[in-house]
Amino acid sequence: MYAKQRTYFFMGSLLMLILFNAMLFFDELNTEAPADTADTTAVTVPGTGVVYVVRAEGLVDNGLHRYIERGIRQAEESEAAALVLHMDTFGGLVDAADKIRKNLLDTDVKTITFIDKNAASAGALIAFSTDIIYMAPGSSIGAATVVDGGGTEANEKMQSYMRGLMRSTAEATGRDPRIAEAMVDERIEIEGITEEGVLVTLSTSEALELGMIDGSERSLEEVLASIGIDHLELIYLQETANEKVLRFLANPIMSSILMLMMLGGLYFELQSPGVGFPGMMASIGALLFFAPLYIMGFAEPWEIILFFVGVLFIVVEIFILPGFGIPGIIGVTLLFFSLVVSMIGNVGFEFPEMEYMSRAIWTMAITLILGILMLFSLGKYLPQNRMFSKLILVESTSKEKGYTSSESKDLLLGKEGVAVTALRPSGIALIDGERVDVVSQGDFVENGARIVVTNTSSSRVMVRRMIS
């Protein structure tokens, strides 16, 4: 009973954590844009032509890439006068930012970025990909050093790649590539701008003075008026429900929680087969984990199949070939390998450089640490909780206290009897006038032979032939 209650508490805690994160996430999304059930909200003003407004806010991830890509495609199809990115981000995934950068550089639509407070790291790269940049007073842009999942600086190879992206992007849009590169590399010294050892982060006035942006206005309306397109129809592109859900589930924190849900549910289901609830939670966790990654192009079918093959090997190890042998090792290896590679944007069996895999590896590492800590905490502190002590069995049910799992046969020890059936090695013997199921401790015992009880442990009555 204790194991079952611990399982329910573990799964319930995960569900509460997921629901809490979902509430925070969707509340944030709802405050970022005007509420509307449609994909777009049109504000009609006198004049002809349209301007698309896309909100580049929050974490730069592949969900944001899909959202901006859709905005660019719709702007191109409607032959819009411009596409505006309303930006406020501290950065995110480099590969996602690079995809957005390529889309912006390739489009023929005039692109504008309005930085409303922050364009850090990957946000700076995206901003430099647009034709025109405006910043609100008090905003900043820069600090684009690449960090790994643990928050430490990535190695020189990755930094060099990011420097090249910043430099080439600035050149393509007519901005100073040296300043853009100095936002990544603190070793670059530019007289009058930065000294060695300091990353470049520019305020609104500094960026305007250095020619890295085109102007400063307090609001998007003032930006459009300054450019001369405020008379055009504005179309605020809203994130679809699918894009919101994908961004929520593919978030590294949610990926970790869902993996914990999968692995924890699988563990408890294998520990107590037939309970059902842990297995159901593991299945739901697997569905919510793999589905968004598959839709966003991360997880491939063979990676998902590999996960279930790993689970199958573990089941074989536990129920068919007990002991921790080859099937168990293969199963655990396949399971963890499939989880890691499913979060990586590989093509077939071609994987990116290790630097791009750091997010997936860190997510897995954090998941394992959280899982171990949660299991340890539940096992140690849950029995001491007053409320849960009423629901779980905390007292010992030892033999010394009178608890037994079956009827004791100890009174038969040493008694003699007669084999009613042949013992091959099990059969029936008559002992003290009662028929008893017995097992021969030695050779075959024929019907009618005299026997004596030698052992009653493990709920079995062991006998041997009496020697005349």
# chains A, B, ... in the order shown; residues from 1 in each chain; ligands from 1
>>> residues_around(residues="stretch 99-101 of chain A", least_positions_apart="4", cutoff="7 Å", atoms="only C-alpha atoms", output="list in words")
His65, Asp95, Leu105, Ile126 and Ser129 of chain A
>>> write_last_selection(atoms="C-alpha atoms", output="compact mmCIF listing (two decimals), in the first residue's frame")
# COMPACT_ATOMS: atom_id res chain seq x y z
CA HIS A 65 10.72 30.28 -35.42
CA ASP A 95 19.91 27.15 -34.05
CA LEU A 105 17.44 37.79 -44.92
CA ILE A 126 17.57 38.41 -35.18
CA SER A 129 18.78 40.45 -39.75
>>> residues_around(residues="stretch 325-328 of chain A", least_positions_apart="5", cutoff="12 Å", atoms="only C-alpha atoms", output="PyMOL selection string")
chain A and resi 309-320+333-335
>>> write_last_selection(atoms="N, CA and C atoms", output="short mmCIF file (atom, residue, chain, number, x, y, z; two decimals), in the first residue's frame")
data_model
loop_
_atom_site.label_atom_id
_atom_site.label_comp_id
_atom_site.auth_asym_id
_atom_site.auth_seq_id
_atom_site.Cartn_x
_atom_site.Cartn_y
_atom_site.Cartn_z
N VAL A 309 11.43 0.41 -28.03
CA VAL A 309 12.26 -0.80 -28.07
C VAL A 309 13.06 -0.92 -26.78
N GLY A 310 13.60 0.23 -26.30
CA GLY A 310 14.33 0.23 -25.04
C GLY A 310 13.46 -0.20 -23.88
N VAL A 311 12.21 0.30 -23.84
CA VAL A 311 11.27 -0.11 -22.79
C VAL A 311 11.01 -1.61 -22.87
N LEU A 312 10.86 -2.14 -24.10
CA LEU A 312 10.61 -3.56 -24.30
C LEU A 312 11.77 -4.40 -23.76
N PHE A 313 13.00 -3.97 -24.01
CA PHE A 313 14.16 -4.70 -23.49
C PHE A 313 14.16 -4.71 -21.96
N ILE A 314 13.78 -3.59 -21.35
CA ILE A 314 13.73 -3.52 -19.88
C ILE A 314 12.67 -4.47 -19.33
N VAL A 315 11.51 -4.52 -19.99
CA VAL A 315 10.45 -5.44 -19.58
C VAL A 315 10.91 -6.89 -19.69
N VAL A 316 11.59 -7.21 -20.78
CA VAL A 316 12.13 -8.57 -20.96
C VAL A 316 13.11 -8.91 -19.84
N GLU A 317 13.95 -7.95 -19.48
CA GLU A 317 14.95 -8.16 -18.43
C GLU A 317 14.28 -8.44 -17.08
N ILE A 318 13.19 -7.72 -16.80
CA ILE A 318 12.55 -7.84 -15.49
C ILE A 318 11.66 -9.08 -15.39
N PHE A 319 10.88 -9.35 -16.42
CA PHE A 319 9.85 -10.39 -16.31
C PHE A 319 10.22 -11.71 -16.98
N ILE A 320 11.13 -11.69 -17.94
CA ILE A 320 11.45 -12.92 -18.66
C ILE A 320 12.84 -13.43 -18.32
N THR A 333 20.22 1.88 -22.25
CA THR A 333 21.00 2.67 -23.20
C THR A 333 20.12 3.23 -24.32
N LEU A 334 19.28 2.38 -24.89
CA LEU A 334 18.40 2.82 -25.97
C LEU A 334 17.41 3.87 -25.48
N LEU A 335 16.89 3.68 -24.27
CA LEU A 335 15.91 4.60 -23.73
C LEU A 335 16.48 6.01 -23.58
#
>>> residues_around(residues="stretch 430-432 of chain A", least_positions_apart="4", cutoff="10 Å", atoms="only C-alpha atoms", output="PDB file with C-alpha atoms, in the first residue's frame")
ATOM      1  CA  LEU A 412       4.812 -30.204  11.157  1.00  0.00           C
ATOM      2  CA  LYS A 415       6.788 -35.273  12.197  1.00  0.00           C
ATOM      3  CA  GLU A 416       6.505 -38.531  10.316  1.00  0.00           C
ATOM      4  CA  GLY A 417       3.975 -39.589   7.715  1.00  0.00           C
ATOM      5  CA  VAL A 418       3.254 -41.655   4.612  1.00  0.00           C
ATOM      6  CA  ALA A 419       3.462 -40.622   0.959  1.00  0.00           C
ATOM      7  CA  VAL A 420      -0.066 -40.886  -0.442  1.00  0.00           C
ATOM      8  CA  THR A 421       1.158 -40.220  -3.984  1.00  0.00           C
ATOM      9  CA  VAL A 436      -0.395 -32.147   3.104  1.00  0.00           C
ATOM     10  CA  ASP A 437       1.286 -30.904  -0.075  1.00  0.00           C
ATOM     11  CA  VAL A 438       4.956 -31.800   0.247  1.00  0.00           C
ATOM     12  CA  GLY A 448       3.333 -45.729   0.471  1.00  0.00           C
ATOM     13  CA  ARG A 450       7.499 -43.535   5.094  1.00  0.00           C
ATOM     14  CA  ILE A 451       8.637 -39.851   5.152  1.00  0.00           C
ATOM     15  CA  VAL A 452       9.724 -37.278   7.742  1.00  0.00           C
ATOM     16  CA  VAL A 453       9.313 -33.459   7.562  1.00  0.00           C
TER      17      VAL A 453
END
>>> closest_residue(among="A:Thr194, A:Thr89, A:Ser342, A:Ser219", to="A:Ser121", atoms="only C-alpha atoms")
A:Thr89
>>> atom_distance(atom1="atom CA of A:Phe268", atom2="atom CA of A:Ile284")
14.6 Å
>>> atom_distance(atom1="atom CA of A:Ser216", atom2="atom CA of A:Phe114")
8.9 Å
>>> closest_residue(among="A:Met466, A:Gly264, A:Val341, A:Tyr294", to="A:Met281", atoms="only C-alpha atoms")
A:Gly264
>>> residues_around(residues="A:Ile132", least_positions_apart="2", cutoff="9 Å", atoms="only C-alpha atoms", output="PyMOL selection string")
chain A and resi 110-114+127-130+134+173+213-215
>>> closest_residue(among="A:Asp176, A:Asp131, A:Gly63, A:Ile366", to="A:Pro292", atoms="only C-alpha atoms")
A:Gly63
>>> residues_around(residues="A:Phe290", least_positions_apart="4", cutoff="9 Å", atoms="only C-alpha atoms", output="MDAnalysis selection string")
chainID A and resid 285:286 294:295 299 304 339 342:343
>>> write_last_selection(atoms="N, CA and C atoms", output="mmCIF file, in the first residue's frame")
data_model
loop_
_atom_site.group_PDB
_atom_site.id
_atom_site.type_symbol
_atom_site.label_atom_id
_atom_site.label_comp_id
_atom_site.auth_asym_id
_atom_site.auth_seq_id
_atom_site.Cartn_x
_atom_site.Cartn_y
_atom_site.Cartn_z
ATOM 1 N N GLY A 285 2.966 11.079 -20.544
ATOM 2 C CA GLY A 285 4.228 11.829 -20.580
ATOM 3 C C GLY A 285 4.970 11.607 -21.884
ATOM 4 N N ALA A 286 4.985 10.353 -22.358
ATOM 5 C CA ALA A 286 5.665 10.045 -23.619
ATOM 6 C C ALA A 286 4.987 10.746 -24.787
ATOM 7 N N TYR A 294 8.247 15.953 -32.536
ATOM 8 C CA TYR A 294 8.052 15.376 -33.873
ATOM 9 C C TYR A 294 7.469 16.417 -34.822
ATOM 10 N N ILE A 295 6.478 17.167 -34.361
ATOM 11 C CA ILE A 295 5.842 18.182 -35.200
ATOM 12 C C ILE A 295 6.826 19.286 -35.565
ATOM 13 N N ALA A 299 12.239 15.277 -33.319
ATOM 14 C CA ALA A 299 12.182 13.824 -33.177
ATOM 15 C C ALA A 299 11.768 13.179 -34.497
ATOM 16 N N ILE A 304 11.605 7.673 -31.897
ATOM 17 C CA ILE A 304 10.466 7.310 -31.060
ATOM 18 C C ILE A 304 10.366 5.792 -30.935
ATOM 19 N N LEU A 339 15.850 9.561 -25.928
ATOM 20 C CA LEU A 339 15.355 10.800 -25.329
ATOM 21 C C LEU A 339 16.258 11.979 -25.681
ATOM 22 N N SER A 342 16.123 12.841 -29.533
ATOM 23 C CA SER A 342 14.831 13.368 -29.962
ATOM 24 C C SER A 342 14.739 14.872 -29.765
ATOM 25 N N MET A 343 15.592 15.438 -28.906
ATOM 26 C CA MET A 343 15.599 16.884 -28.680
ATOM 27 C C MET A 343 16.614 17.608 -29.552
#
>>> closest_residue(among="A:Leu413, A:Ala120, A:Met166, A:Val84", to="A:Ile227", atoms="only C-alpha atoms")
A:Val84
>>> atom_distance(atom1="atom CA of A:Ser160", atom2="atom CA of A:Val200")
16.0 Å
>>> residues_around(residues="A:Ala122", least_positions_apart="2", cutoff="10 Å", atoms="only C-alpha atoms", output="VMD selection string")
chain A and resid 59 to 61 89 to 98 100 to 101 119 to 120 124 to 127 142 to 146 162 166
>>> write_last_selection(atoms="C-alpha atoms", output="short mmCIF file (atom, residue, chain, number, x, y, z; two decimals), in the first residue's frame")
data_model
loop_
_atom_site.label_atom_id
_atom_site.label_comp_id
_atom_site.auth_asym_id
_atom_site.auth_seq_id
_atom_site.Cartn_x
_atom_site.Cartn_y
_atom_site.Cartn_z
CA LEU A 59 12.50 32.51 -25.27
CA VAL A 60 13.90 32.23 -28.79
CA ASP A 61 13.04 28.65 -29.64
CA THR A 89 13.78 38.85 -25.49
CA PHE A 90 16.84 37.82 -23.52
CA GLY A 91 17.76 35.26 -26.19
CA GLY A 92 17.47 31.50 -26.50
CA LEU A 93 18.56 28.73 -28.86
CA VAL A 94 21.21 29.60 -31.43
CA ASP A 95 19.91 27.15 -34.05
CA ALA A 96 16.39 28.60 -33.80
CA ALA A 97 17.76 32.17 -34.07
CA ASP A 98 19.79 31.15 -37.12
CA ILE A 100 14.82 33.04 -38.14
CA ARG A 101 17.84 35.02 -39.40
CA ALA A 119 17.36 42.32 -27.63
CA ALA A 120 20.02 40.23 -25.92
CA ALA A 124 20.47 40.79 -31.24
CA LEU A 125 21.23 38.40 -34.10
CA ILE A 126 17.57 38.41 -35.18
CA ALA A 127 17.36 42.23 -34.95
CA GLY A 142 24.05 42.99 -27.35
CA ALA A 143 25.74 40.47 -25.01
CA ALA A 144 25.54 37.65 -27.55
CA THR A 145 28.08 35.23 -26.08
CA VAL A 146 26.96 31.63 -26.50
CA MET A 162 28.41 32.93 -33.46
CA MET A 166 26.88 38.32 -36.18
#
>>> closest_residue(among="A:Met462, A:Ile179, A:Ala291, A:Leu423", to="A:Glu446", atoms="only C-alpha atoms")
A:Leu423
>>> closest_residue(among="A:Ile141, A:Asp106, A:Tyr236, A:Met158", to="A:Leu199", atoms="only C-alpha atoms")
A:Ile141
>>> select_by_dssp(residues="stretch 23-207 of chain A", states="helix (DSSP H, G or I)", output="PyMOL selection string")
chain A and resi 23-32+62-77+94-106+122-128+156-172+177-182+204-207
